[in-house]
Amino acid sequence: MDQIKIGNFISLCRKNKKLTQEGLAEQLNVSANAVSKWERGVNLPDYSNMQVLCEVLGISLNEFFAGEYIKENELEKQSERNILGILKFTNEKDIKYKILIIVISTLLVISFVILGKNALVKFGFMMNDNLKYSQIYIAGEGNIKGNVDVNKYEKLNIDYEVGANKYGEAVFKNPNKAFKRLKKDYSKGIKLIQKEYHLLPLTNFTYKMYSIYGWQVTTGTDEEKEQARFVSSFMDIYENSFNSYFFNN
């Protein structure tokens, strides 16, 4: 695994997204100096930042470790090369870091080789290109489904802007940004759902459980319960970017 190559790739992807180091750092809640070190190959991002970094840059974890864009028909071969590179790299690191990187690389191979891209979309790890925002959401017009009050969301924060996908289902125009904003603004409701129903922390793998249980909370303050209910209504829209009745049928 070539840290310099990965750093150059991060820099290239950042510039392609027209982001400054400061702008990227702000989205990841890290310092601009940390981004600079990544791009110079001094060190790699912490594992907790890798998924979000890839989402912001529009690349996969496979491409991150490879330090280059990968064609779909090369995914399996590149996964194997990434495994070998990571194992070689970890020989120079402490045992905890070795275990961490091996786990990440194993999940990477499982995700892209065994589960495949469609499964990652289904589980909410990747957004389905067919379900992205593509038209204005106006209830009752064209093929628009449901009756979502888009003004309600947009008044809360511009990050919650709602549109529709090609099937007419309500979706957030920028699901990643909306999800990040939700975790920041509605942390009390999220914590209440997690605590009352003993759930794992809210991520792209667990959001469906929060959608189910947010409506059912019985403990907490009125503010916490109101936030929890909003989390569920948010997820009803959020999941349309990953799963669709029309797409699956």
# chains A, B, ... in the order shown; residues from 1 in each chain; ligands from 1
$ residues_around --residues "Ala170 in chain A" --least-positions-apart "6" --cutoff "8 Å" --atoms "only C-alpha atoms" --output "ChimeraX atom specification"
/A:137,144-146,148,162-164,237,240
$ residues_around --residues "Glu226 in chain A" --least-positions-apart "5" --cutoff "12 Å" --atoms "only C-alpha atoms" --output "short mmCIF file (atom, residue, chain, number, x, y, z; two decimals) with C-alpha atoms, in the first residue's frame"
data_model
loop_
_atom_site.label_atom_id
_atom_site.label_comp_id
_atom_site.auth_asym_id
_atom_site.auth_seq_id
_atom_site.Cartn_x
_atom_site.Cartn_y
_atom_site.Cartn_z
CA TYR A 186 -31.28 15.70 16.56
CA SER A 187 -28.73 13.96 18.74
CA LYS A 188 -31.09 13.89 21.74
CA GLY A 189 -33.76 12.00 19.83
CA ILE A 190 -31.20 9.63 18.33
CA LEU A 192 -33.23 8.26 23.17
CA ILE A 193 -34.08 5.72 20.45
CA GLY A 214 -38.45 6.50 16.53
CA TRP A 215 -42.25 6.56 16.41
CA GLN A 216 -42.52 4.17 19.36
CA VAL A 217 -40.44 5.82 22.10
CA THR A 218 -42.20 6.15 25.43
CA THR A 219 -39.47 7.50 27.72
CA GLY A 220 -37.51 10.75 27.69
CA THR A 221 -38.55 14.39 27.72
CA VAL A 231 -35.76 10.97 13.10
CA SER A 232 -38.30 8.38 11.92
CA SER A 233 -39.95 10.77 9.46
#
$ closest_residue --among "A:Val30, A:Asn165, A:Leu199, A:Lys17" --to "Asp129 in chain A" --atoms "only C-alpha atoms"
A:Asn165
$ atom_distance --atom1 "CA of Tyr153 in chain A" --atom2 "CA of Asn49 in chain A"
27.3 Å
$ atom_distance --atom1 "CA of Thr20 in chain A" --atom2 "CA of Ala32 in chain A"
9.0 Å
$ closest_residue --among "A:Ile6, A:Leu44, A:Val171, A:Ile212" --to "Asn62 in chain A" --atoms "only C-alpha atoms"
A:Ile6
